[in-house]
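Notes for the one structure printed next.
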Amino acid sequence: MLIVGGGVTGTALLFCLARYTDLGSLALIDKEETLAAINSRASNNSQTIHCGDIETNYTLEKALQVKRRADMLVHYGQLLEPDERRRVIVPCQKMVLGIGEDQCAALRQRFETFSPHFPAMQWLDAAAIASWEPAVATAADGGPRQETIAAIGIPESPAAVDYGALAESFVDQARRSLAEDAAAGHQRHLDLRLGCRVRTLRRVGDRVHVDTGTGTIEARYVVVSAGAHSLLLAQAMGYGPQYSCLPVAGSFYFLPEVLRGKVYTVQNDRLPFAAIHGDPDVLVPGKTRFGPTALLLPLLERYRPASFWEFLRVLRLDGAVLAVFWQLFRVADIRNYIIRNLLFEVPFLRRWLFLQDLRRIVPAARLNDLEVAHGFGGVRPQLIDREQRRLLLGEARIATDGPITFNVTPSPGGTDCLGNAEVDLRAIVARLGCGFRDDRLQAELHGA
């Protein structure tokens, strides 16, 4: 059994296979020299467990689906030693902020609908917001904000994640599970190869041959969890030709520590991009990180110009893709948003422009305190369905009629990592007929 991709999605599957099956030989390869070096690196994502409680773009049905998978991460944390758990999953308070009568009324209605399913929710008026987050409730002149504000708040909960540390912990827990089996007399093998790039994938009978340039790995089942590169490898084998990839990059900004927890804003329903939010950064003590911006970037990997050529291969530009671009640009809100986010990349102008948006969260923020988070921000591989001529939101899974699966996982791929792993795990068990400790999985990851 082989996994391609050492990010949080691939390592989550490795952990599940090691702990909940009796497969004798497991392997994971990644082209980078370290685990979680691309989108799972903590500097390249929002460092958030998306539970559906403060994400206003989720319907109740979607929020409950997301919550079930997010809870798997929380349950997983209970398997870790306390010090490691605090390093991987960081408790903090969080809220979604409504500004103006319309947003506050919409949030109130949302609170009444969602709170029976999310009992930790609290309704916060302006005075409560001032108690939770003084900087949010204070105007630039030092007095109370003049706008009507309200929020849905969640007290301290496991909300922030270092996804890079999480990927490392998955591998560590996988090794421990194999060591436990070895002590019980059942020898199993784990082969972890970093700096190992996939050249080609070929199906030979009921197996897959993986050419790495330095040799060939033969596997009974392969799962490719390599972000946008999953689509690249799938299409090289003839799978997923109906998809094109539209990479969306996010940039971030720092202020000195001004927030005690996460503060999200209400999502614009007409925009398929995340609304700005502020988070205490898990990597940089004493800083609050704001963002993300959204930039359509012709690269599969941020800050790596060579990935432009790979982008061209998965863009597959034709009339269907151009039609999707036209659908996006013909909507004024989306067109203006895209243009504004392009301006966020212009030196000297970018900080001033971003400050105007940031002040919706922290009205007293000053330009001199705002700095660009250089080197922060990754790429989300949003897919375009060329047959239906529409932009797909959320993760995608390209299953085949053979022993291989391709996962393309934009946000909330980190939150969904164990949920996606369970889907792949059950498909592997069904095909290979290996032993499966389902009761253990239900108890440990679902709290059954």
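By order in the structure tokens, chains are A, B, ...; within a chain, residues start at 1; ligands start at 1, following the order shown.
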For the structure I just gave you, how does DSSP split stretch 130-338 of chain A - specifically, which residues are strand (DSSP E or B)? Reply as a count of residues only. 65
DSSP helix (DSSP H, G or I) selection over stretch 170-369 of chain A, as a ChimeraX atom specification: /A:170-183,228-236,305-315,319-329,332-343,350-358,367-369
Would you export the selected residues with C-alpha atoms as a PDB file, in the first residue's frame, please?
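The result, stored in out_38.pdb:
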ATOM      1  CA  PHE A 170       0.356  11.284  12.340  1.00  0.00           C
ATOM      2  CA  VAL A 171       3.609   9.666  11.185  1.00  0.00           C
ATOM      3  CA  ASP A 172       4.832   9.300  14.757  1.00  0.00           C
ATOM      4  CA  GLN A 173       1.559   7.671  15.842  1.00  0.00           C
ATOM      5  CA  ALA A 174       1.686   5.350  12.808  1.00  0.00           C
ATOM      6  CA  ARG A 175       5.157   4.175  13.841  1.00  0.00           C
ATOM      7  CA  ARG A 176       3.969   3.621  17.409  1.00  0.00           C
ATOM      8  CA  SER A 177       1.057   1.488  16.216  1.00  0.00           C
ATOM      9  CA  LEU A 178       3.388  -0.677  14.148  1.00  0.00           C
ATOM     10  CA  ALA A 179       5.748  -0.983  17.117  1.00  0.00           C
ATOM     11  CA  GLU A 180       2.830  -2.141  19.303  1.00  0.00           C
ATOM     12  CA  ASP A 181       1.935  -4.790  16.721  1.00  0.00           C
ATOM     13  CA  ALA A 182       5.581  -5.891  16.516  1.00  0.00           C
ATOM     14  CA  ALA A 183       5.683  -6.309  20.301  1.00  0.00           C
ATOM     15  CA  ALA A 228      -2.841  20.214  -7.318  1.00  0.00           C
ATOM     16  CA  HIS A 229      -0.204  17.671  -8.333  1.00  0.00           C
ATOM     17  CA  SER A 230      -2.811  14.951  -7.740  1.00  0.00           C
ATOM     18  CA  LEU A 231      -4.723  16.281 -10.747  1.00  0.00           C
ATOM     19  CA  LEU A 232      -1.503  16.459 -12.762  1.00  0.00           C
ATOM     20  CA  LEU A 233      -0.741  12.783 -12.075  1.00  0.00           C
ATOM     21  CA  ALA A 234      -4.362  11.713 -12.592  1.00  0.00           C
ATOM     22  CA  GLN A 235      -4.581  13.327 -16.009  1.00  0.00           C
ATOM     23  CA  ALA A 236      -1.251  11.802 -17.026  1.00  0.00           C
ATOM     24  CA  PRO A 305       8.046  29.970 -10.432  1.00  0.00           C
ATOM     25  CA  ALA A 306       8.980  26.633 -12.006  1.00  0.00           C
ATOM     26  CA  SER A 307       5.498  25.330 -11.132  1.00  0.00           C
ATOM     27  CA  PHE A 308       4.084  27.669 -13.835  1.00  0.00           C
ATOM     28  CA  TRP A 309       4.677  24.984 -16.459  1.00  0.00           C
ATOM     29  CA  GLU A 310       2.790  22.435 -14.386  1.00  0.00           C
ATOM     30  CA  PHE A 311      -0.048  24.952 -14.022  1.00  0.00           C
ATOM     31  CA  LEU A 312      -0.353  25.204 -17.799  1.00  0.00           C
ATOM     32  CA  ARG A 313      -0.753  21.422 -18.008  1.00  0.00           C
ATOM     33  CA  VAL A 314      -3.670  21.327 -15.551  1.00  0.00           C
ATOM     34  CA  LEU A 315      -5.332  24.559 -16.700  1.00  0.00           C
ATOM     35  CA  GLY A 319     -13.812  27.481 -24.357  1.00  0.00           C
ATOM     36  CA  ALA A 320     -15.280  25.795 -21.279  1.00  0.00           C
ATOM     37  CA  VAL A 321     -12.622  27.271 -18.988  1.00  0.00           C
ATOM     38  CA  LEU A 322     -12.998  30.704 -20.586  1.00  0.00           C
ATOM     39  CA  ALA A 323     -16.759  30.440 -20.036  1.00  0.00           C
ATOM     40  CA  VAL A 324     -16.173  29.900 -16.307  1.00  0.00           C
ATOM     41  CA  PHE A 325     -13.851  32.924 -16.201  1.00  0.00           C
ATOM     42  CA  TRP A 326     -16.541  34.974 -17.922  1.00  0.00           C
ATOM     43  CA  GLN A 327     -19.149  33.800 -15.393  1.00  0.00           C
ATOM     44  CA  LEU A 328     -16.878  34.970 -12.582  1.00  0.00           C
ATOM     45  CA  PHE A 329     -15.961  38.330 -14.092  1.00  0.00           C
ATOM     46  CA  ALA A 332     -19.654  42.846 -10.236  1.00  0.00           C
ATOM     47  CA  ASP A 333     -18.875  41.757  -6.669  1.00  0.00           C
ATOM     48  CA  ILE A 334     -16.488  39.032  -7.864  1.00  0.00           C
ATOM     49  CA  ARG A 335     -14.887  41.230 -10.536  1.00  0.00           C
ATOM     50  CA  ASN A 336     -14.264  44.068  -8.078  1.00  0.00           C
ATOM     51  CA  TYR A 337     -12.966  41.637  -5.473  1.00  0.00           C
ATOM     52  CA  ILE A 338     -10.475  40.087  -7.901  1.00  0.00           C
ATOM     53  CA  ILE A 339      -9.217  43.505  -9.051  1.00  0.00           C
ATOM     54  CA  ARG A 340      -8.896  44.731  -5.463  1.00  0.00           C
ATOM     55  CA  ASN A 341      -6.937  41.632  -4.492  1.00  0.00           C
ATOM     56  CA  LEU A 342      -4.588  42.203  -7.420  1.00  0.00           C
ATOM     57  CA  LEU A 343      -3.903  45.641  -5.961  1.00  0.00           C
ATOM     58  CA  ARG A 350      -0.895  47.035  -0.609  1.00  0.00           C
ATOM     59  CA  ARG A 351      -0.634  47.808   3.119  1.00  0.00           C
ATOM     60  CA  TRP A 352      -2.810  50.919   2.892  1.00  0.00           C
ATOM     61  CA  LEU A 353      -5.489  49.088   0.916  1.00  0.00           C
ATOM     62  CA  PHE A 354      -5.526  46.077   3.211  1.00  0.00           C
ATOM     63  CA  LEU A 355      -5.730  48.343   6.261  1.00  0.00           C
ATOM     64  CA  GLN A 356      -9.136  49.573   5.084  1.00  0.00           C
ATOM     65  CA  ASP A 357     -10.497  46.023   5.211  1.00  0.00           C
ATOM     66  CA  LEU A 358      -8.671  45.128   8.419  1.00  0.00           C
ATOM     67  CA  LEU A 367      -0.599  51.675   9.082  1.00  0.00           C
ATOM     68  CA  ASN A 368       2.781  51.907  10.817  1.00  0.00           C
ATOM     69  CA  ASP A 369       1.997  48.746  12.788  1.00  0.00           C
TER      70      ASP A 369
END
I want to know what sits within 9 Å of A:Gly419, based on only C-alpha atoms, with residues of the same chain fewer than 3 positions away left out; could you give that as a PyMOL selection string? chain A and resi 68-70+72-73+415-416+422-424
Output of the above residues as a PDB file, in the first residue's frame, restricted to C-alpha atoms:
ATOM      1  CA  ARG A  68     -18.451  15.538  12.312  1.00  0.00           C
ATOM      2  CA  ARG A  69     -15.091  15.523  10.528  1.00  0.00           C
ATOM      3  CA  ALA A  70     -13.674  18.341  12.637  1.00  0.00           C
ATOM      4  CA  MET A  72     -12.373  13.559  14.484  1.00  0.00           C
ATOM      5  CA  LEU A  73      -9.351  15.871  14.849  1.00  0.00           C
ATOM      6  CA  THR A 415     -10.019  19.998   8.837  1.00  0.00           C
ATOM      7  CA  ASP A 416     -11.258  17.126   6.663  1.00  0.00           C
ATOM      8  CA  GLU A 422     -11.635   7.269   6.520  1.00  0.00           C
ATOM      9  CA  VAL A 423     -13.232   7.340   3.053  1.00  0.00           C
ATOM     10  CA  ASP A 424     -10.003   6.128   1.450  1.00  0.00           C
TER      11      ASP A 424
END
Please identify every residue of stretch 356-401 of chain A that has at least one atom no farther than 8 Å from an atom of stretch 37-56 of chain A, counting only C-alpha atoms, and for each give the shortest atom pair and the distance in Å to one decimal, arranged by chain then increasing number, as a Markdown table.
| residue | atom | partner | partner_atom | distance |
| --- | --- | --- | --- | --- |
| A:Gly375 | CA | A:Ser43 | CA | 7.6 |
| A:Phe376 | CA | A:Ser43 | CA | 4.9 |
| A:Gly377 | CA | A:Asn44 | CA | 4.1 |
| A:Gly378 | CA | A:Asn44 | CA | 4.3 |
| A:Val379 | CA | A:Asn39 | CA | 6.8 |
| A:Arg380 | CA | A:Asn39 | CA | 7.9 |
d(atom CA of A:Ala127, atom CA of A:Phe114) in Å: 22.3 Å
From A:Leu201, A:Pro381, A:Ala364, A:Glu371, residue lying nearest A:Ala249 [only C-alpha atoms]: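 Smallest separation from A:Ala249 among the options: A:Pro381.
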One-decimal distance in Å that lies between atom CA of A:Val248 and atom CA of A:Leu64: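 Separation of atom CA of A:Leu64 and atom CA of A:Val248: 26.2 Å.
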With a distance cut-off of 10 Å and only C-alpha atoms, select the neighbouring residues of A:Gln103, excluding the residue or stretch itself and same-chain residues fewer than 6 positions from it, and output the selection as a tab-separated table (two decimals) with N, CA, C and O atoms, in the first residue's frame.
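Wrote it out as out00.tsv, contents follow:
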chain	number	residue	atom	x	y	z
A	97	LEU	N	-18.09	38.06	13.53
A	97	LEU	CA	-18.51	39.42	13.83
A	97	LEU	C	-19.47	39.94	12.77
A	97	LEU	O	-19.17	39.88	11.57
A	109	GLN	N	-30.44	35.38	13.40
A	109	GLN	CA	-31.23	34.28	12.85
A	109	GLN	C	-30.39	33.01	12.77
A	109	GLN	O	-30.86	31.90	13.08
A	148	THR	N	-23.52	49.40	14.59
A	148	THR	CA	-24.14	48.29	15.31
A	148	THR	C	-23.29	47.05	15.10
A	148	THR	O	-22.98	46.68	13.97
A	149	ILE	N	-22.88	46.42	16.20
A	149	ILE	CA	-22.10	45.18	16.09
A	149	ILE	C	-22.70	44.11	16.98
A	149	ILE	O	-23.30	44.40	18.02
A	150	ALA	N	-22.55	42.88	16.55
A	150	ALA	CA	-22.96	41.71	17.33
A	150	ALA	C	-22.12	40.54	16.84
A	150	ALA	O	-21.47	40.62	15.78
A	151	ALA	N	-22.12	39.46	17.59
A	151	ALA	CA	-21.28	38.33	17.21
A	151	ALA	C	-21.84	37.03	17.78
A	151	ALA	O	-22.59	37.03	18.75
A	265	THR	N	-15.28	37.36	9.92
A	265	THR	CA	-16.32	38.29	9.48
A	265	THR	C	-17.33	37.54	8.62
A	265	THR	O	-17.08	36.42	8.18
A	266	VAL	N	-18.47	38.16	8.41
A	266	VAL	CA	-19.55	37.52	7.68
A	266	VAL	C	-19.17	37.37	6.21
A	266	VAL	O	-18.70	38.31	5.57
A	267	GLN	N	-19.38	36.17	5.69
A	267	GLN	CA	-19.05	35.87	4.30
A	267	GLN	C	-20.03	36.55	3.35
A	267	GLN	O	-21.24	36.57	3.60
